[in-house]
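Taking it in order: structure first as structure tokens, then the write-up.
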Amino acid sequence: MAEACRLLKLRCKITSVDHDPEFGANVAKGYFKARQSMKNINFVFAPLVARSFGGTYLPSYHIGPEQAQSIGRADLVLIDGPPAYLGGREGILYQAMGFAAPGTIALLDDANRDEEKRIISKWQDALGDSIEVNLLTGFKKGVAAVIIIEI
């Protein structure tokens, strides 16, 4: 995403949140080496915690107040973790809604997998008309675009 914004000369702010400090550091190092600039890119380490969403405990990122302030409001959210063996991605949309506004789009990677199909169904049941889910074509493993209608 950072490279696309750079090539298209778009003004953007990108925040990457990851629970694995080693993975996050490697991504940051790789981007810095390739582009020599990380302005407008914010790498946030946030360990996973269990948080209650609608009475169900789900993994979410432990984002402190200073980190939350650095993230700000999101226009686009890419949900690509946490992995299923750490509890999966269901809680991340609920958490992302705290950084969203009506019209924010959340993209769920790997939407053709059974686990992600189950998550989409749970989101639709829990959030109803507050979201609109569209399965995008042309992606081998699937991508779902979740449009946040209201918070």
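Here's how to read the names in the structure tokens: chain A, B, ... by the order shown, residue numbers from 1 in each chain, ligand numbers from 1 in the order shown.
Look at Ala145 (chain A): the protein and nucleic acid residues within 8 Å of it, using only C-alpha atoms and passing over chain neighbours fewer than 5 places away, are A:Ile105, A:Ala106, A:Leu107, A:Leu108, A:Val133, A:Asn134, A:Leu135, A:Leu136.
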* **Residue neighbourhood region 77-85 of chain A, 12 Å, only C-alpha atoms, exclusion window fewer than 4 positions, as a PyMOL selection string** => chain A and resi 1+13-20+46-49+58-61+71+73+89-101+103-111+113-116+118-120+142-148
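Using only C-alpha atoms, the shortest contact distance between His62 (chain A) and any of A:Ala74, A:Phe45, A:Pro102, A:Ala126 is found at A:Phe45.
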* Which is closest to Phe43 (chain A) among A:Lys141, A:Gly55, A:Gly64, A:Pro21, if we use only C-alpha atoms? -> A:Pro21
* Pull the strand (DSSP E) assignments for region 17-140 of chain A out of DSSP run on the backbone, and list those residues as a count of residues only. => 34
* Compare A:Ile151, A:Ile131, A:Asp125, A:Leu7 by their minimum atom-to-atom distance to Gly54 (chain A), counting only C-alpha atoms, and give me the closest one. =>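 Of A:Ile151, A:Ile131, A:Asp125, A:Leu7, the one nearest Gly54 (chain A), counting only C-alpha atoms, is A:Asp125.
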* Asked: Can you tell me how far CA of Gly88 (chain A) sits from CA of Ala50 (chain A), in Å to one decimal?
  ->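 Computed distance, CA of Gly88 (chain A) to CA of Ala50 (chain A), equals 11.4 Å.
With CA of Gln67 (chain A) on one side and CA of Asn42 (chain A) on the other, the separation reads 9.6 Å.
Here CA of Ala2 (chain A) stands at a distance of 20.0 Å from CA of Glu22 (chain A).
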* alpha helix (DSSP H) call set, DSSP backbone run, region 86-145 of chain A, as an NGL selection string -> :A and (90-96 or 114-127)
